[in-house]
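One file, target-v5.cif, carrying mmCIF, C-alpha atoms:
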```
data_data
#
loop_
_atom_site.label_atom_id
_atom_site.label_comp_id
_atom_site.auth_asym_id
_atom_site.auth_seq_id
_atom_site.Cartn_x
_atom_site.Cartn_y
_atom_site.Cartn_z
CA MET A 1 0.00 0.00 0.00
CA GLU A 2 1.36 3.43 -0.99
CA ALA A 3 2.06 6.16 1.56
CA GLU A 4 -0.96 8.23 0.49
CA ASP A 5 -3.23 5.21 0.86
CA ILE A 6 -1.87 4.51 4.34
CA LEU A 7 -2.53 8.12 5.37
CA LEU A 8 -6.09 7.97 4.02
CA LYS A 9 -6.73 4.72 5.88
CA LYS A 10 -5.45 6.28 9.10
CA ARG A 11 -7.61 9.37 8.51
CA LEU A 12 -10.75 7.28 7.96
CA LEU A 13 -10.11 5.33 11.17
CA GLU A 14 -9.64 8.60 13.08
CA LEU A 15 -12.88 10.09 11.69
CA ALA A 16 -14.84 6.95 12.56
CA ASN A 17 -13.51 6.87 16.12
CA LYS A 18 -14.07 10.60 16.70
CA SER A 19 -17.59 10.49 15.28
CA TYR A 20 -18.54 7.56 17.51
CA THR A 21 -16.83 8.90 20.65
CA ASN A 22 -18.23 12.43 20.36
CA SER A 23 -21.59 11.51 18.78
CA GLN A 24 -21.02 13.99 15.97
CA TYR A 25 -21.16 13.97 12.19
CA LEU A 26 -17.84 14.08 10.37
CA PHE A 27 -17.22 14.21 6.63
CA THR A 28 -14.42 13.30 4.27
CA GLY A 29 -13.61 15.23 1.13
CA PHE A 30 -14.72 13.78 -2.20
CA LEU A 31 -13.18 10.34 -2.70
CA SER A 32 -12.31 8.64 -5.98
CA LEU A 33 -13.23 5.02 -6.65
CA SER A 34 -9.74 3.92 -5.59
CA GLU A 35 -10.04 5.88 -2.35
CA GLN A 36 -13.49 4.43 -1.71
CA ASP A 37 -11.95 0.98 -2.09
CA ILE A 38 -9.61 1.81 0.81
CA PHE A 39 -12.67 2.47 2.94
CA TYR A 40 -14.08 -0.92 2.02
CA SER A 41 -10.81 -2.54 3.10
CA ILE A 42 -11.42 -1.31 6.67
CA GLU A 43 -15.23 -1.38 6.64
CA ARG A 44 -15.43 -4.21 9.19
CA GLU A 45 -13.03 -2.45 11.57
CA ILE A 46 -15.33 0.56 11.82
CA SER A 47 -18.69 -1.18 11.60
CA TYR A 48 -19.57 0.34 14.98
CA VAL A 49 -20.27 3.72 13.34
CA PRO A 50 -22.81 4.31 10.52
CA VAL A 51 -21.33 5.56 7.24
CA THR A 52 -23.25 7.10 4.31
CA PHE A 53 -22.00 7.84 0.78
CA TYR A 54 -23.20 10.81 -1.29
CA GLY A 55 -21.82 13.01 -4.05
CA GLY A 56 -24.66 15.39 -4.91
CA THR A 57 -26.90 12.86 -6.65
CA LEU A 58 -27.35 9.16 -5.98
CA ASP A 59 -25.30 8.24 -9.05
CA CYS A 60 -22.19 10.38 -8.56
CA GLU A 61 -18.88 8.56 -8.88
CA ARG A 62 -16.89 10.85 -6.57
CA VAL A 63 -18.54 10.88 -3.16
CA MET A 64 -18.10 12.14 0.38
CA LEU A 65 -18.40 9.80 3.35
CA ARG A 66 -20.47 10.91 6.32
CA PHE A 67 -19.69 9.27 9.64
CA GLY A 68 -22.62 9.32 12.04
CA SER A 69 -26.40 9.00 11.96
CA GLU A 70 -29.45 10.59 13.54
CA GLU A 71 -29.62 7.68 15.98
CA LEU A 72 -25.98 8.16 17.05
CA CYS A 73 -25.85 11.95 17.05
CA GLY A 74 -29.42 12.86 17.99
CA TYR A 75 -29.93 15.14 15.00
CA GLU A 76 -29.70 15.14 11.20
CA GLU A 77 -26.99 16.96 9.23
CA PRO A 78 -26.94 17.16 5.42
CA PHE A 79 -23.85 16.68 3.28
CA PRO A 80 -21.95 19.98 2.76
CA ILE A 81 -22.22 19.76 -1.02
CA THR A 82 -23.14 22.54 -3.45
CA CYS A 83 -23.95 22.37 -7.17
CA ILE A 84 -22.49 25.18 -9.30
CA GLU A 85 -23.61 25.99 -12.83
CA ILE A 86 -20.76 27.00 -15.15
CA ALA A 87 -21.96 28.55 -18.41
CA PRO A 88 -20.47 30.71 -21.22
CA MET A 89 -21.00 34.45 -20.91
CA ILE A 90 -22.17 34.34 -24.54
CA GLU A 91 -23.34 30.85 -25.44
CA LYS A 92 -22.88 31.09 -29.21
CA PHE A 93 -19.18 31.83 -28.69
CA GLY A 94 -18.70 29.05 -26.18
CA GLU A 95 -16.34 26.19 -27.02
CA SER A 96 -17.19 22.51 -26.77
CA LEU A 97 -15.28 21.73 -23.59
CA SER A 98 -14.32 18.44 -22.00
CA HIS A 99 -14.28 17.25 -18.41
CA ARG A 100 -10.50 17.72 -18.47
CA ASP A 101 -10.89 21.35 -19.57
CA TYR A 102 -13.15 22.23 -16.65
CA LEU A 103 -11.08 20.31 -14.14
CA GLY A 104 -7.87 21.91 -15.40
CA ALA A 105 -9.32 25.41 -15.01
CA LEU A 106 -10.41 24.62 -11.45
CA MET A 107 -7.07 23.09 -10.47
CA ASN A 108 -5.29 26.16 -11.90
CA LEU A 109 -7.09 28.18 -9.24
CA GLY A 110 -5.20 26.21 -6.59
CA ILE A 111 -8.23 24.22 -5.52
CA GLU A 112 -7.64 20.85 -3.85
CA ARG A 113 -9.03 17.88 -5.78
CA SER A 114 -10.74 16.54 -2.66
CA THR A 115 -13.08 19.56 -2.60
CA LEU A 116 -14.36 18.79 -6.12
CA GLY A 117 -16.88 16.12 -6.99
CA ASP A 118 -18.38 15.10 -10.32
CA ILE A 119 -18.58 17.48 -13.28
CA VAL A 120 -21.62 16.89 -15.47
CA ILE A 121 -21.55 18.49 -18.92
CA GLN A 122 -24.79 19.40 -20.67
CA GLY A 123 -24.03 21.00 -24.05
CA LYS A 124 -21.92 24.09 -23.36
CA THR A 125 -22.91 24.25 -19.69
CA ALA A 126 -21.33 22.24 -16.89
CA TYR A 127 -22.57 21.45 -13.41
CA LEU A 128 -19.97 21.00 -10.70
CA PHE A 129 -20.54 19.36 -7.33
CA CYS A 130 -18.15 20.83 -4.79
CA ALA A 131 -17.61 21.21 -1.07
CA GLU A 132 -19.90 23.93 0.24
CA LYS A 133 -16.94 25.84 1.71
CA MET A 134 -15.56 26.33 -1.82
CA LYS A 135 -18.67 27.65 -3.53
CA ASP A 136 -17.98 31.39 -3.08
CA TYR A 137 -14.35 31.09 -4.15
CA ILE A 138 -15.27 29.19 -7.30
CA VAL A 139 -18.15 31.51 -8.23
CA GLU A 140 -15.93 34.57 -7.79
CA ASN A 141 -12.78 33.26 -9.47
CA LEU A 142 -13.68 30.78 -12.20
CA ASP A 143 -14.20 33.19 -15.09
CA GLN A 144 -12.56 31.35 -17.98
CA VAL A 145 -12.22 27.78 -19.24
CA ARG A 146 -9.74 27.52 -22.12
CA HIS A 147 -10.71 30.49 -24.33
CA THR A 148 -14.33 30.76 -23.18
CA HIS A 149 -15.33 33.42 -20.66
CA MET A 150 -17.65 31.92 -18.06
CA ARG A 151 -20.20 32.95 -15.48
CA CYS A 152 -20.79 30.80 -12.43
CA ARG A 153 -23.73 30.66 -10.07
CA VAL A 154 -24.94 28.38 -7.33
CA ALA A 155 -27.79 26.21 -8.58
CA GLU A 156 -30.70 26.47 -6.14
CA GLN A 157 -31.44 22.81 -6.77
CA VAL A 158 -29.85 20.12 -8.89
CA PRO A 159 -31.36 20.49 -12.39
CA GLU A 160 -33.31 17.50 -13.67
CA SER A 161 -31.01 17.33 -16.68
CA VAL A 162 -28.02 16.67 -14.41
CA ILE A 163 -29.55 13.63 -12.75
CA THR A 164 -28.16 10.56 -14.47
CA LYS A 165 -30.43 8.79 -16.90
CA LEU A 166 -30.35 5.03 -17.40
CA GLU A 167 -30.93 3.34 -20.75
CA ARG A 168 -31.72 -0.38 -20.70
CA GLU A 169 -29.93 -2.46 -23.33
CA SER A 170 -29.67 -6.19 -23.91
CA PHE A 171 -26.72 -8.25 -25.12
CA LEU A 172 -25.98 -11.83 -26.08
CA VAL A 173 -23.11 -13.32 -24.06
CA SER A 174 -21.75 -16.79 -23.45
CA SER A 175 -21.92 -16.41 -19.65
CA GLU A 176 -22.51 -13.91 -16.86
CA ARG A 177 -18.79 -13.65 -16.18
CA ALA A 178 -17.81 -10.06 -15.49
CA ASP A 179 -15.20 -9.93 -18.26
CA SER A 180 -17.65 -11.36 -20.80
CA VAL A 181 -20.40 -8.85 -19.99
CA ILE A 182 -18.03 -5.86 -19.84
CA ALA A 183 -16.39 -6.78 -23.14
CA LYS A 184 -19.78 -7.05 -24.84
CA ILE A 185 -21.17 -3.80 -23.45
CA TYR A 186 -18.11 -1.80 -24.49
CA ASN A 187 -17.45 -3.63 -27.78
CA LEU A 188 -14.14 -5.13 -26.67
CA SER A 189 -12.52 -8.49 -27.23
CA ARG A 190 -12.48 -10.91 -24.28
CA SER A 191 -8.72 -10.35 -23.85
CA GLN A 192 -9.24 -6.59 -23.78
CA GLY A 193 -11.89 -7.11 -21.11
CA VAL A 194 -9.45 -9.18 -19.04
CA ASP A 195 -6.81 -6.46 -19.42
CA LEU A 196 -9.15 -3.96 -17.74
CA PHE A 197 -9.17 -6.12 -14.61
CA ARG A 198 -5.38 -6.48 -14.67
CA ALA A 199 -5.07 -2.70 -14.99
CA LYS A 200 -7.29 -2.25 -11.90
CA LYS A 201 -9.91 -0.31 -13.83
CA VAL A 202 -13.00 -2.31 -12.82
CA PHE A 203 -15.03 -1.52 -9.71
CA ILE A 204 -18.09 -3.50 -8.71
CA ASN A 205 -20.37 -1.93 -6.09
CA GLY A 206 -17.62 0.55 -5.29
CA ARG A 207 -14.96 -2.08 -4.67
CA LEU A 208 -11.91 -2.67 -6.84
CA ASN A 209 -12.42 -6.03 -8.54
CA GLU A 210 -9.56 -8.01 -10.08
CA ASN A 211 -11.46 -11.28 -10.50
CA ASN A 212 -12.44 -11.22 -14.16
CA SER A 213 -14.05 -14.67 -13.94
CA GLY A 214 -16.49 -13.64 -11.21
CA VAL A 215 -20.19 -13.85 -12.06
CA LEU A 216 -22.25 -10.67 -11.98
CA LYS A 217 -25.40 -10.56 -9.86
CA VAL A 218 -28.61 -8.65 -10.47
CA GLY A 219 -28.23 -5.12 -9.13
CA ASP A 220 -24.42 -5.02 -9.34
CA ARG A 221 -23.15 -1.53 -10.14
CA VAL A 222 -20.14 -1.78 -12.42
CA SER A 223 -17.76 1.13 -13.11
CA VAL A 224 -15.04 0.78 -15.73
CA ARG A 225 -12.52 3.62 -15.78
CA GLY A 226 -12.35 5.27 -19.17
CA PHE A 227 -15.52 3.59 -20.43
CA GLY A 228 -18.48 4.28 -18.13
CA LYS A 229 -20.73 2.42 -15.75
CA PHE A 230 -23.85 0.27 -15.73
CA LEU A 231 -26.28 -1.59 -13.51
CA TYR A 232 -26.44 -5.27 -14.29
CA GLN A 233 -30.02 -6.57 -14.50
CA GLY A 234 -29.49 -10.29 -15.14
CA VAL A 235 -30.59 -12.81 -17.74
CA ALA A 236 -33.72 -12.20 -19.79
CA TYR A 237 -33.67 -15.59 -21.55
CA GLU A 238 -31.41 -18.30 -22.93
CA THR A 239 -31.24 -19.01 -26.66
CA LYS A 240 -31.55 -22.48 -28.17
CA LYS A 241 -27.79 -22.47 -28.67
CA GLY A 242 -27.15 -21.80 -24.99
CA ARG A 243 -26.32 -18.10 -25.33
CA LEU A 244 -27.63 -15.73 -22.67
CA ASN A 245 -29.55 -12.57 -23.40
CA VAL A 246 -28.58 -10.30 -20.51
CA MET A 247 -29.84 -6.83 -19.62
CA ALA A 248 -27.98 -3.81 -18.27
CA ASP A 249 -29.01 -0.25 -17.47
CA ILE A 250 -26.33 1.96 -19.00
CA TYR A 251 -25.56 5.32 -17.38
CA SER A 252 -25.83 8.09 -19.97
#
```
Could the structure of this file be written out as structure tokens, please?
Amino acid sequence: MEAEDILLKKRLLELANKSYTNSQYLFTGFLSLSEQDIFYSIEREISYVPVTFYGGTLDCERVMLRFGSEELCGYEEPFPITCIEIAPMIEKFGESLSHRDYLGALMNLGIERSTLGDIVIQGKTAYLFCAEKMKDYIVENLDQVRHTHMRCRVAEQVPESVITKLERESFLVSSERADSVIAKIYNLSRSQGVDLFRAKKVFINGRLNENNSGVLKVGDRVSVRGFGKFLYQGVAYETKKGRLNVMADIYS
């Protein structure tokens, strides 16, 4: 385990203990999938304190952890997360920008990555989930992304268009093995699917998964770095030749 991972593990243990001892809510910054996997590695050690995941919507990939519950603390406290709308000053002159463009502009402001959650792009407008403490700084200082001049404002509520939509698709596969399903969904060869596991790019239900021969179960949430994510919905039927028609809800 790398030094940064060891420090994060220690920090999570400290937050859990402090939350339980003082009966108070404590929050992490936004965690990546790899960082969430570190939490899962110590989940049993801190099972004495309730932990909730949230990133701004139920389907966000980067999430905060909240240690504590109403039963433990005696009150309810929401996640300190704000949604910011980032739009061109003049839309017709706005560039088509990527996730990397927005993230680069934010990082150039000296903002720590842990205070930034998912960035959802809708046309020439982006919606950023960030730590509440950063909202004023971002609104006041993020005025340009690449060559496009921007205006930022706090969204009063998360727009419906930002909430992830799921599209159900069906595929013919030889088995419900994870590598087989992933390869089919993303139009890869079986060997390319296996390579994703070896490269530690596959997460199932938030946990890093290196077992490419494992069988997917109904309801499994699969994230593949660089490709996307889906909810596995199981077998619809078996063909006369023994092939399986499986269903998955693809995040769009």
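Using all atoms listed in the file, the shortest contact distance between A:Gln36 and any of A:Gln122, A:Thr115, A:Ser174, A:Asn205 is found at A:Asn205.
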Problem - Protein/DNA/RNA residues near (-10.0, 28.9, -21.3), cut 9 Å, only C-alpha atoms, as a ChimeraX atom specification - result: /A:95,101-102,105,143-150
Practice task
Please provide the set of residues having any atom within 9 Å of A:Leu208, restricted to only C-alpha atoms, with same-chain residues fewer than 5 positions apart removed, written as a list in words.
Solution key: Leu33, Ser34, Gln36, Asp37, Phe197, Lys200, Lys201, Val202 and Phe203 of chain A
Practice task
Pick out the residues sitting within 7 Å of stretch 61-73 of chain A, and hand them over as a PyMOL selection string; count all atoms listed in the file, and ignore anything fewer than 3 positions along from it in its own chain.
Solution key: chain A and resi 16+19+23-33+49-55+76+117-118
Practice task
Can you give me, as an MDAnalysis selection string, the residues this file yields under the PyMOL selection byres ((chain A and resi 126) around 12)?
Solution key: chainID A and resid 83:88 94:103 118:125 127:129 145 150:155 158:159 161:162
Produce a file of the selected residues containing C-alpha atoms, as a compact mmCIF listing (two decimals), keeping the file's coordinate frame.
```txt
# COMPACT_ATOMS: atom_id res chain seq x y z
CA CYS A 83 -23.95 22.37 -7.17
CA ILE A 84 -22.49 25.18 -9.30
CA GLU A 85 -23.61 25.99 -12.83
CA ILE A 86 -20.76 27.00 -15.15
CA ALA A 87 -21.96 28.55 -18.41
CA PRO A 88 -20.47 30.71 -21.22
CA GLY A 94 -18.70 29.05 -26.18
CA GLU A 95 -16.34 26.19 -27.02
CA SER A 96 -17.19 22.51 -26.77
CA LEU A 97 -15.28 21.73 -23.59
CA SER A 98 -14.32 18.44 -22.00
CA HIS A 99 -14.28 17.25 -18.41
CA ARG A 100 -10.50 17.72 -18.47
CA ASP A 101 -10.89 21.35 -19.57
CA TYR A 102 -13.15 22.23 -16.65
CA LEU A 103 -11.08 20.31 -14.14
CA ASP A 118 -18.38 15.10 -10.32
CA ILE A 119 -18.58 17.48 -13.28
CA VAL A 120 -21.62 16.89 -15.47
CA ILE A 121 -21.55 18.49 -18.92
CA GLN A 122 -24.79 19.40 -20.67
CA GLY A 123 -24.03 21.00 -24.05
CA LYS A 124 -21.92 24.09 -23.36
CA THR A 125 -22.91 24.25 -19.69
CA TYR A 127 -22.57 21.45 -13.41
CA LEU A 128 -19.97 21.00 -10.70
CA PHE A 129 -20.54 19.36 -7.33
CA VAL A 145 -12.22 27.78 -19.24
CA MET A 150 -17.65 31.92 -18.06
CA ARG A 151 -20.20 32.95 -15.48
CA CYS A 152 -20.79 30.80 -12.43
CA ARG A 153 -23.73 30.66 -10.07
CA VAL A 154 -24.94 28.38 -7.33
CA ALA A 155 -27.79 26.21 -8.58
CA VAL A 158 -29.85 20.12 -8.89
CA PRO A 159 -31.36 20.49 -12.39
CA SER A 161 -31.01 17.33 -16.68
CA VAL A 162 -28.02 16.67 -14.41
```
Practice task
Counting all atoms listed in the file, note down every residue that has an atom within 9 Å of the point (-13.8, 25.5, -8.1) (file coordinates), as a ChimeraX atom specification.
Solution key: /A:84,103,105-107,109-112,115-116,128,130,134-139,141-142
Practice task
Please provide the set of residues having any atom within 12 Å of A:Ile6, restricted to all atoms listed in the file, with same-chain residues fewer than 4 positions apart removed, written as a PyMOL selection string.
Solution key: chain A and resi 1-2+10-13+35+38-39+41-42
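Using all atoms listed in the file, the nearest neighbour of A:Lys133 within the list A:Phe79, A:Tyr186, A:Tyr251, A:Phe171 is A:Phe79.
Within 9 Å of A:Val222, once all atoms listed in the file are used and residues closer than 5 positions along the same chain are dropped, the contacting residues are Ile182, Val202, Phe203, Ile204, Asn205, Gly206, Gly228, Lys229, Phe230, Leu231 and Tyr232 of chain A.
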Expected file: the selected residues, C-alpha atoms, as a PDB file, in the frame of the given file:
```pdb
ATOM      1  CA  ILE A 182     -18.030  -5.860 -19.840  1.00  0.00           C
ATOM      2  CA  VAL A 202     -13.000  -2.310 -12.820  1.00  0.00           C
ATOM      3  CA  PHE A 203     -15.030  -1.520  -9.710  1.00  0.00           C
ATOM      4  CA  ILE A 204     -18.090  -3.500  -8.710  1.00  0.00           C
ATOM      5  CA  ASN A 205     -20.370  -1.930  -6.090  1.00  0.00           C
ATOM      6  CA  GLY A 206     -17.620   0.550  -5.290  1.00  0.00           C
ATOM      7  CA  GLY A 228     -18.480   4.280 -18.130  1.00  0.00           C
ATOM      8  CA  LYS A 229     -20.730   2.420 -15.750  1.00  0.00           C
ATOM      9  CA  PHE A 230     -23.850   0.270 -15.730  1.00  0.00           C
ATOM     10  CA  LEU A 231     -26.280  -1.590 -13.510  1.00  0.00           C
ATOM     11  CA  TYR A 232     -26.440  -5.270 -14.290  1.00  0.00           C
TER      12      TYR A 232
END
```
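One finds atom CA of A:Val215 at 9.4 Å from atom CA of A:Ser180.
Here atom CA of A:Phe93 and atom CA of A:Asn108 stand 22.5 Å from one another.
Shortest separation to A:Tyr237 among A:Leu172, A:Ala131, A:Asn212, A:Thr57 occurs at residue A:Leu172, atoms counted being only C-alpha atoms.
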Completion exercise
What separates atom CA of A:Glu132 and atom CA of A:Ile81 is a distance of 4.9 Å
